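Here is the file entry-v8.csv (CSV, C-alpha atoms).
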```csv
chain,number,residue,atom,x,y,z
T,8,MET,CA,-11.4,-102.9,-45.4
T,9,ALA,CA,-11.9,-100.1,-42.7
T,10,LYS,CA,-10.2,-96.8,-43.3
T,11,LYS,CA,-7.4,-96.1,-40.8
T,12,GLN,CA,-8.0,-93.1,-38.6
T,13,PRO,CA,-5.3,-90.4,-38.4
T,14,ASP,CA,-3.2,-90.2,-35.2
T,15,TYR,CA,-3.9,-86.8,-33.5
T,16,SER,CA,-2.1,-87.6,-30.3
T,17,GLU,CA,1.0,-85.7,-31.1
T,18,ALA,CA,-0.8,-82.6,-32.3
T,19,THR,CA,-3.0,-82.8,-29.2
T,20,GLU,CA,0.1,-82.9,-27.0
T,21,VAL,CA,1.6,-79.9,-28.8
T,22,PHE,CA,-1.6,-77.9,-28.4
T,23,GLN,CA,-1.9,-78.7,-24.7
T,24,LYS,CA,1.7,-77.6,-24.1
T,25,THR,CA,1.1,-74.4,-26.1
T,26,MET,CA,-2.1,-73.7,-24.1
T,27,GLN,CA,-0.3,-74.4,-20.8
T,28,ALA,CA,2.5,-72.0,-21.8
T,29,THR,CA,0.0,-69.3,-22.8
T,30,LEU,CA,-1.9,-69.7,-19.6
T,31,ALA,CA,1.3,-69.6,-17.5
T,32,ASN,CA,2.4,-66.5,-19.4
T,33,LEU,CA,-1.1,-64.9,-18.8
T,34,ASP,CA,-0.9,-65.7,-15.1
T,35,LYS,CA,2.5,-64.0,-15.1
T,36,VAL,CA,1.1,-60.9,-16.9
T,37,GLN,CA,-1.7,-60.7,-14.5
T,38,GLU,CA,0.6,-61.1,-11.6
T,39,ASP,CA,2.9,-58.4,-13.0
T,40,SER,CA,-0.1,-56.1,-13.5
T,41,ARG,CA,-1.3,-56.7,-9.9
T,42,LYS,CA,2.2,-56.0,-8.6
T,43,ALA,CA,2.4,-52.8,-10.7
T,44,HIS,CA,-1.0,-51.7,-9.4
T,45,GLU,CA,0.1,-52.4,-5.8
T,46,LYS,CA,3.3,-50.5,-6.4
T,47,ALA,CA,1.4,-47.5,-7.8
T,48,ILE,CA,-0.8,-47.5,-4.7
T,49,GLU,CA,2.2,-47.7,-2.5
T,50,MET,CA,3.8,-44.8,-4.3
T,51,GLN,CA,0.6,-42.7,-4.0
T,52,ILE,CA,0.5,-43.4,-0.3
T,53,ALA,CA,4.1,-42.6,0.1
T,54,ALA,CA,3.6,-39.3,-1.9
T,55,LYS,CA,0.7,-38.3,0.4
T,56,GLU,CA,2.7,-39.1,3.5
T,57,GLU,CA,5.6,-37.1,2.1
T,58,MET,CA,3.3,-34.2,1.3
T,59,HIS,CA,1.9,-34.3,4.8
T,60,ARG,CA,5.4,-34.4,6.2
T,61,ILE,CA,6.4,-31.3,4.1
T,62,GLU,CA,3.3,-29.4,5.2
T,63,LEU,CA,3.9,-30.2,8.9
T,64,GLU,CA,7.6,-29.2,8.4
T,65,ALA,CA,6.6,-26.0,6.7
T,66,GLU,CA,4.2,-25.2,9.5
T,67,THR,CA,6.9,-25.9,12.0
T,68,ILE,CA,9.4,-23.7,10.1
T,69,SER,CA,6.9,-20.9,9.9
T,70,ARG,CA,6.0,-21.1,13.5
T,71,ASP,CA,9.7,-21.2,14.5
T,72,PHE,CA,10.4,-18.2,12.2
T,73,VAL,CA,7.6,-16.2,13.8
T,74,ASP,CA,8.8,-17.2,17.3
T,75,LYS,CA,12.3,-16.3,16.4
T,76,HIS,CA,11.4,-12.9,14.9
T,77,ARG,CA,8.4,-12.1,17.1
T,78,LYS,CA,10.0,-9.1,18.7
T,79,GLU,CA,11.1,-7.7,15.3
T,80,ILE,CA,7.6,-8.3,13.8
T,81,GLU,CA,5.9,-6.7,16.8
T,82,ALA,CA,8.2,-3.7,16.7
T,83,ARG,CA,7.5,-3.2,13.0
T,84,LEU,CA,3.8,-3.4,13.5
T,85,ARG,CA,4.0,-0.9,16.4
T,86,ASP,CA,6.0,1.5,14.2
T,87,ASP,CA,3.5,1.1,11.3
T,88,ILE,CA,0.6,1.9,13.6
T,89,LEU,CA,2.4,4.8,15.3
T,90,PHE,CA,3.4,6.2,11.9
T,91,SER,CA,-0.2,6.2,10.7
T,92,MET,CA,-1.3,7.8,13.9
T,93,VAL,CA,1.3,10.5,13.6
T,94,ARG,CA,0.3,11.4,10.1
T,95,LYS,CA,-3.3,11.6,11.0
T,96,LEU,CA,-2.5,13.8,14.0
T,97,ILE,CA,-0.5,16.2,11.8
T,98,LEU,CA,-3.4,16.5,9.4
T,99,PHE,CA,-5.8,16.9,12.4
T,100,GLY,CA,-3.7,19.9,13.4
T,101,MET,CA,-1.7,18.7,16.4
T,102,SER,CA,1.7,20.3,16.5
T,103,SER,CA,4.8,18.2,15.9
T,104,ASN,CA,6.3,19.1,19.2
T,105,ALA,CA,3.2,18.0,21.1
T,106,ILE,CA,3.0,14.7,19.1
T,107,MET,CA,6.7,13.9,19.8
T,108,LYS,CA,6.3,14.7,23.4
T,109,GLU,CA,3.0,12.9,24.1
T,110,LEU,CA,3.7,9.8,22.0
T,111,GLU,CA,7.5,9.7,22.3
T,112,VAL,CA,7.9,9.8,18.5
T,113,PRO,CA,11.4,9.8,17.2
T,114,ALA,CA,12.4,12.8,15.2
T,115,LYS,CA,13.1,10.7,12.1
T,116,MET,CA,9.6,9.3,12.1
T,117,MET,CA,8.1,12.8,12.5
T,118,ALA,CA,10.2,13.9,9.5
T,119,ASP,CA,9.1,10.9,7.4
T,120,ALA,CA,5.5,11.6,8.2
T,121,TRP,CA,5.8,15.1,7.1
T,122,ASN,CA,7.6,13.9,4.0
T,123,THR,CA,4.7,11.7,3.0
T,124,ILE,CA,2.3,14.6,3.4
T,125,GLY,CA,4.4,16.8,1.2
T,126,PHE,CA,6.1,19.5,3.2
T,127,THR,CA,8.1,22.4,1.8
T,128,LYS,CA,10.7,24.5,3.5
T,129,LEU,CA,9.2,27.6,5.0
T,130,GLY,CA,11.8,30.2,6.0
T,131,LYS,CA,14.8,29.1,7.9
T,132,ALA,CA,13.1,27.3,10.8
T,133,HIS,CA,9.9,25.8,9.6
T,134,VAL,CA,8.3,23.4,7.1
T,135,GLY,CA,4.8,23.9,5.7
T,136,HIS,CA,2.0,22.2,3.7
T,137,VAL,CA,-1.3,23.3,2.2
T,138,ALA,CA,-4.4,21.2,1.7
T,139,TYR,CA,-7.9,21.9,0.5
T,140,GLU,CA,-11.5,21.2,1.6
T,141,GLU,CA,-13.7,21.9,-1.4
T,142,GLU,CA,-17.5,22.5,-1.2
T,143,ASP,CA,-18.9,23.4,-4.6
T,144,ARG,CA,-17.8,27.0,-5.2
T,145,ALA,CA,-16.3,27.5,-1.8
T,146,GLY,CA,-14.3,25.7,0.9
T,147,ASN,CA,-11.2,25.9,3.1
T,148,VAL,CA,-7.5,26.3,2.4
T,149,ILE,CA,-5.7,24.5,5.2
T,150,PHE,CA,-2.3,25.6,6.2
T,151,TYR,CA,0.0,23.2,8.1
T,152,ARG,CA,3.2,24.1,9.9
T,153,GLU,CA,5.0,21.8,12.2
T,154,ASP,CA,3.6,23.8,15.2
T,155,ILE,CA,0.2,24.9,14.1
T,156,MET,CA,-2.8,24.4,11.7
T,157,LEU,CA,-4.8,27.2,10.3
T,158,LYS,CA,-8.0,27.2,8.1
T,159,PHE,CA,-8.9,30.0,5.7
T,160,TRP,CA,-12.3,30.2,4.0
T,161,TYR,CA,-12.2,30.7,0.2
T,162,GLU,CA,-14.8,31.3,-2.5
T,163,PHE,CA,-14.7,31.5,-6.2
T,164,GLY,CA,-14.9,35.0,-7.8
T,165,ASP,CA,-16.0,36.3,-11.2
T,166,GLY,CA,-14.2,37.9,-14.1
T,167,LEU,CA,-10.5,38.3,-13.6
T,168,SER,CA,-10.5,37.0,-10.0
T,169,LEU,CA,-10.6,33.2,-9.8
T,170,ALA,CA,-10.9,33.1,-6.0
T,171,PHE,CA,-10.7,35.0,-2.7
T,172,ILE,CA,-9.1,33.4,0.3
T,173,LYS,CA,-10.2,35.2,3.5
T,174,VAL,CA,-7.4,35.9,6.0
T,175,PRO,CA,-7.1,38.0,9.1
T,176,ASN,CA,-5.9,41.5,8.6
T,177,SER,CA,-2.8,42.8,10.2
T,178,GLY,CA,-4.7,44.2,13.2
T,179,ASN,CA,-6.5,40.8,14.0
T,180,TRP,CA,-3.7,38.4,12.9
T,181,LYS,CA,-2.2,37.7,16.3
T,182,ALA,CA,-5.6,37.4,18.0
T,183,GLU,CA,-7.0,35.0,15.4
T,184,THR,CA,-4.0,32.9,14.7
T,185,GLY,CA,-1.9,33.1,17.9
T,186,LEU,CA,1.1,33.9,15.8
T,187,PRO,CA,3.3,37.0,15.7
T,188,LEU,CA,2.6,39.5,13.0
T,189,ASP,CA,6.0,38.8,11.5
T,190,ASP,CA,4.8,35.4,10.5
T,191,ARG,CA,1.8,36.8,8.5
T,192,LEU,CA,3.5,37.6,5.2
T,193,PRO,CA,5.7,34.5,5.0
T,194,ILE,CA,2.6,32.3,5.6
T,195,LEU,CA,0.4,34.1,3.2
T,196,ASN,CA,3.0,34.1,0.5
T,197,PHE,CA,3.5,30.4,1.1
T,198,ILE,CA,-0.2,29.8,0.7
T,199,GLY,CA,-0.4,31.9,-2.4
T,200,GLU,CA,2.5,30.1,-4.1
T,201,ARG,CA,1.1,26.6,-3.2
T,202,VAL,CA,-2.4,27.5,-4.5
T,203,ILE,CA,-1.0,28.7,-7.8
T,204,ARG,CA,1.1,25.5,-8.1
T,205,ASP,CA,-1.7,23.2,-7.0
T,206,LYS,CA,-4.9,24.7,-8.3
T,207,ALA,CA,-4.4,27.8,-10.5
T,208,ASP,CA,-1.6,27.4,-13.0
T,209,GLY,CA,-1.4,30.5,-15.2
T,210,TYR,CA,-2.8,32.8,-12.4
T,211,ASN,CA,-1.2,35.2,-10.0
T,212,TYR,CA,-1.9,35.8,-6.3
T,213,GLU,CA,-2.2,39.2,-4.6
T,214,ILE,CA,-2.1,39.7,-0.8
T,215,GLN,CA,-4.5,42.4,0.3
T,216,ASP,CA,-5.6,43.6,3.7
T,217,ASP,CA,-8.0,40.7,4.5
T,218,SER,CA,-7.6,38.3,1.6
T,219,ILE,CA,-5.4,36.5,-0.9
T,220,ASN,CA,-6.8,37.1,-4.4
T,221,ILE,CA,-6.1,34.6,-7.2
T,222,THR,CA,-6.2,36.6,-10.4
T,223,LEU,CA,-5.5,36.2,-14.1
T,224,LYS,CA,-2.0,37.2,-15.1
T,225,LYS,CA,-2.0,40.6,-16.7
T,226,PRO,CA,-0.7,40.5,-20.3
T,227,ALA,CA,2.8,41.9,-20.7
T,228,LYS,CA,2.9,45.4,-22.2
T,229,LYS,CA,4.2,45.5,-25.7
T,230,SER,CA,7.2,47.7,-26.2
T,231,LYS,CA,6.7,50.6,-28.6
```
In structure tokens, write the structure found in this file.
Amino acid sequence: MAKKQPDYSEATEVFQKTMQATLANLDKVQEDSRKAHEKAIEMQIAAKEEMHRIELEAETISRDFVDKHRKEIEARLRDDILFSMVRKLILFGMSSNAIMKELEVPAKMMADAWNTIGFTKLGKAHVGHVAYEEEDRAGNVIFYREDIMLKFWYEFGDGLSLAFIKVPNSGNWKAETGLPLDDRLPILNFIGERVIRDKADGYNYEIQDDSINITLKKPAKKSK
């Protein structure tokens, strides 16, 4: 008697349904993945477009700002250039009065320029400044006043004298500087004080007939 074969039809049907469901789910996963990928691309494109829009808007805003404030910006640039020129002309030796007249410089700008150079009150009516040109063991001491610039040669000394600054004597002062003799001592004292402050702390200055001598301080005499 032949052996009866098992009936697999039910199992086959279940397997087929399971496979169909799996494939359908896989198709859905793939479709969801495709949609997600497309969405990501769309978001990237949108982000680039938004960035481009922001850049264009920023450029427009900047251009509008410049256009709106052009006069203010141009005025500020002119003032900066003029201020730099004024400072250089002062150091070149041009008088403040001539600078203000020729360039129509406001008094405040002239004062600010002198302030950056480092002026000090000189008497009741003037301001002054001292600068230096150094050449090894010699050079120039440059005196600035708002109305004039003077150069005095100096050289280093030996022993108790640190340096000698050559200046016109009383008889030649007016001819060599163009200034009245009454200005001589105030200017020479101003120079001496500034040299001690700037270059020779611990020294004294002495005004002689044709020089300012920078010398060591003499020790104080001991009381008996």
Item to complete: Report the distance between atom CA of Val134 of chain T and atom CA of Leu186 of chain T in Å, rounded to one decimal place.
Response: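 Value for the atom CA of Val134 of chain T-atom CA of Leu186 of chain T distance: 15.4 Å.
Nearest to Ser102 of chain T of all the residues T:Val174, T:Leu188, T:Leu195, T:Met156 is T:Met156, counting all atoms listed in the file.
For the pair atom CA of Ala182 of chain T and atom CA of Lys206 of chain T, the separation is 29.2 Å.
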Practice prompt. Could you check how far atom CA of Leu98 of chain T sits from atom CA of Ala145 of chain T, in Å to one decimal?
Written response: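 Result for atom CA of Leu98 of chain T versus atom CA of Ala145 of chain T: 20.3 Å, one decimal.
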Item to complete: Tell me, as a PyMOL selection string, which residues lie within 9 Å of segment 109-117 of chain T, counting only C-alpha atoms; anything in the same chain fewer than 3 positions away does not count.
Response: chain T and resi 86+89-90+93-94+103-106+120-122
Fill in: Sphere at (-9.9, 32.0, 4.3), radius 10 Å, counting all atoms listed in the file: residues as a list in words
Ala145, Gly146, Asn147, Val148, Ile149, Leu157, Lys158, Phe159, Trp160, Tyr161, Glu162, Phe171, Ile172, Lys173, Val174, Pro175, Asp217, Ser218 and Ile219 of chain T
Could I get segment 205-216 of chain T rebuilt with all heavy atoms, written as an mmCIF file, in the frame of the given file?
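Heads up, here's the output in result.cif:
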```cif
data_model
loop_
_atom_site.group_PDB
_atom_site.id
_atom_site.type_symbol
_atom_site.label_atom_id
_atom_site.label_comp_id
_atom_site.auth_asym_id
_atom_site.auth_seq_id
_atom_site.Cartn_x
_atom_site.Cartn_y
_atom_site.Cartn_z
ATOM 1 N N ASP T 205 -0.815 24.317 -7.125
ATOM 2 C CA ASP T 205 -1.700 23.200 -7.000
ATOM 3 C C ASP T 205 -3.000 23.317 -7.828
ATOM 4 O O ASP T 205 -3.518 22.343 -8.384
ATOM 5 C CB ASP T 205 -2.091 22.895 -5.562
ATOM 6 C CG ASP T 205 -0.895 22.547 -4.703
ATOM 7 O OD1 ASP T 205 0.146 22.134 -5.270
ATOM 8 O OD2 ASP T 205 -0.986 22.692 -3.471
ATOM 9 N N LYS T 206 -3.549 24.544 -7.855
ATOM 10 C CA LYS T 206 -4.900 24.700 -8.300
ATOM 11 C C LYS T 206 -5.088 25.764 -9.443
ATOM 12 O O LYS T 206 -6.131 25.781 -10.083
ATOM 13 C CB LYS T 206 -5.835 25.114 -7.173
ATOM 14 C CG LYS T 206 -5.897 24.111 -6.033
ATOM 15 C CD LYS T 206 -6.657 22.869 -6.443
ATOM 16 C CE LYS T 206 -6.831 21.922 -5.253
ATOM 17 N NZ LYS T 206 -7.598 20.710 -5.640
ATOM 18 N N ALA T 207 -4.116 26.641 -9.636
ATOM 19 C CA ALA T 207 -4.400 27.800 -10.500
ATOM 20 C C ALA T 207 -3.180 28.122 -11.389
ATOM 21 O O ALA T 207 -2.695 29.260 -11.403
ATOM 22 C CB ALA T 207 -4.792 28.994 -9.673
ATOM 23 N N ASP T 208 -2.714 27.142 -12.114
ATOM 24 C CA ASP T 208 -1.600 27.400 -13.000
ATOM 25 C C ASP T 208 -1.972 28.454 -14.041
ATOM 26 O O ASP T 208 -3.050 28.419 -14.638
ATOM 27 C CB ASP T 208 -1.242 26.067 -13.749
ATOM 28 C CG ASP T 208 -0.008 26.222 -14.602
ATOM 29 O OD1 ASP T 208 0.888 26.987 -14.210
ATOM 30 O OD2 ASP T 208 0.063 25.578 -15.675
ATOM 31 N N GLY T 209 -1.101 29.413 -14.227
ATOM 32 C CA GLY T 209 -1.400 30.500 -15.200
ATOM 33 C C GLY T 209 -1.999 31.723 -14.511
ATOM 34 O O GLY T 209 -2.288 32.708 -15.195
ATOM 35 N N TYR T 210 -2.198 31.671 -13.176
ATOM 36 C CA TYR T 210 -2.800 32.800 -12.400
ATOM 37 C C TYR T 210 -1.685 33.426 -11.541
ATOM 38 O O TYR T 210 -0.597 32.888 -11.367
ATOM 39 C CB TYR T 210 -3.941 32.365 -11.577
ATOM 40 C CG TYR T 210 -5.212 32.105 -12.365
ATOM 41 C CD1 TYR T 210 -5.357 30.955 -13.132
ATOM 42 C CD2 TYR T 210 -6.266 33.020 -12.344
ATOM 43 C CE1 TYR T 210 -6.518 30.720 -13.847
ATOM 44 C CE2 TYR T 210 -7.438 32.786 -13.052
ATOM 45 C CZ TYR T 210 -7.554 31.629 -13.808
ATOM 46 O OH TYR T 210 -8.703 31.398 -14.520
ATOM 47 N N ASN T 211 -2.021 34.573 -10.977
ATOM 48 C CA ASN T 211 -1.200 35.200 -10.000
ATOM 49 C C ASN T 211 -1.926 35.260 -8.653
ATOM 50 O O ASN T 211 -3.134 35.033 -8.598
ATOM 51 C CB ASN T 211 -0.904 36.697 -10.387
ATOM 52 C CG ASN T 211 0.189 36.789 -11.442
ATOM 53 O OD1 ASN T 211 1.099 35.967 -11.478
ATOM 54 N ND2 ASN T 211 0.087 37.796 -12.299
ATOM 55 N N TYR T 212 -1.199 35.570 -7.583
ATOM 56 C CA TYR T 212 -1.900 35.800 -6.300
ATOM 57 C C TYR T 212 -1.469 37.222 -5.824
ATOM 58 O O TYR T 212 -0.351 37.684 -6.066
ATOM 59 C CB TYR T 212 -1.550 34.773 -5.260
ATOM 60 C CG TYR T 212 -0.154 34.825 -4.699
ATOM 61 C CD1 TYR T 212 0.142 35.596 -3.563
ATOM 62 C CD2 TYR T 212 0.886 34.113 -5.281
ATOM 63 C CE1 TYR T 212 1.415 35.648 -3.035
ATOM 64 C CE2 TYR T 212 2.166 34.162 -4.755
ATOM 65 C CZ TYR T 212 2.435 34.927 -3.643
ATOM 66 O OH TYR T 212 3.701 34.984 -3.128
ATOM 67 N N GLU T 213 -2.398 37.892 -5.170
ATOM 68 C CA GLU T 213 -2.200 39.200 -4.600
ATOM 69 C C GLU T 213 -2.602 39.219 -3.149
ATOM 70 O O GLU T 213 -3.745 38.836 -2.853
ATOM 71 C CB GLU T 213 -2.931 40.289 -5.380
ATOM 72 C CG GLU T 213 -2.518 40.425 -6.837
ATOM 73 C CD GLU T 213 -3.377 41.437 -7.584
ATOM 74 O OE1 GLU T 213 -4.335 41.966 -6.955
ATOM 75 O OE2 GLU T 213 -3.115 41.689 -8.766
ATOM 76 N N ILE T 214 -1.716 39.629 -2.248
ATOM 77 C CA ILE T 214 -2.100 39.700 -0.800
ATOM 78 C C ILE T 214 -2.641 41.090 -0.548
ATOM 79 O O ILE T 214 -1.982 42.113 -0.773
ATOM 80 C CB ILE T 214 -0.827 39.454 0.058
ATOM 81 C CG1 ILE T 214 -0.296 38.031 -0.176
ATOM 82 C CG2 ILE T 214 -1.179 39.650 1.536
ATOM 83 C CD1 ILE T 214 0.992 37.730 0.557
ATOM 84 N N GLN T 215 -3.878 41.111 -0.100
ATOM 85 C CA GLN T 215 -4.500 42.400 0.300
ATOM 86 C C GLN T 215 -4.769 42.407 1.765
ATOM 87 O O GLN T 215 -4.293 41.533 2.495
ATOM 88 C CB GLN T 215 -5.824 42.508 -0.548
ATOM 89 C CG GLN T 215 -5.562 42.564 -2.046
ATOM 90 C CD GLN T 215 -6.786 42.879 -2.860
ATOM 91 O OE1 GLN T 215 -7.913 42.846 -2.352
ATOM 92 N NE2 GLN T 215 -6.592 43.187 -4.141
ATOM 93 N N ASP T 216 -5.494 43.425 2.218
ATOM 94 C CA ASP T 216 -5.600 43.600 3.700
ATOM 95 C C ASP T 216 -6.253 42.427 4.364
ATOM 96 O O ASP T 216 -5.784 42.016 5.424
ATOM 97 C CB ASP T 216 -6.526 44.872 3.906
ATOM 98 C CG ASP T 216 -6.666 45.164 5.396
ATOM 99 O OD1 ASP T 216 -5.622 45.232 6.072
ATOM 100 O OD2 ASP T 216 -7.799 45.281 5.881
#
```
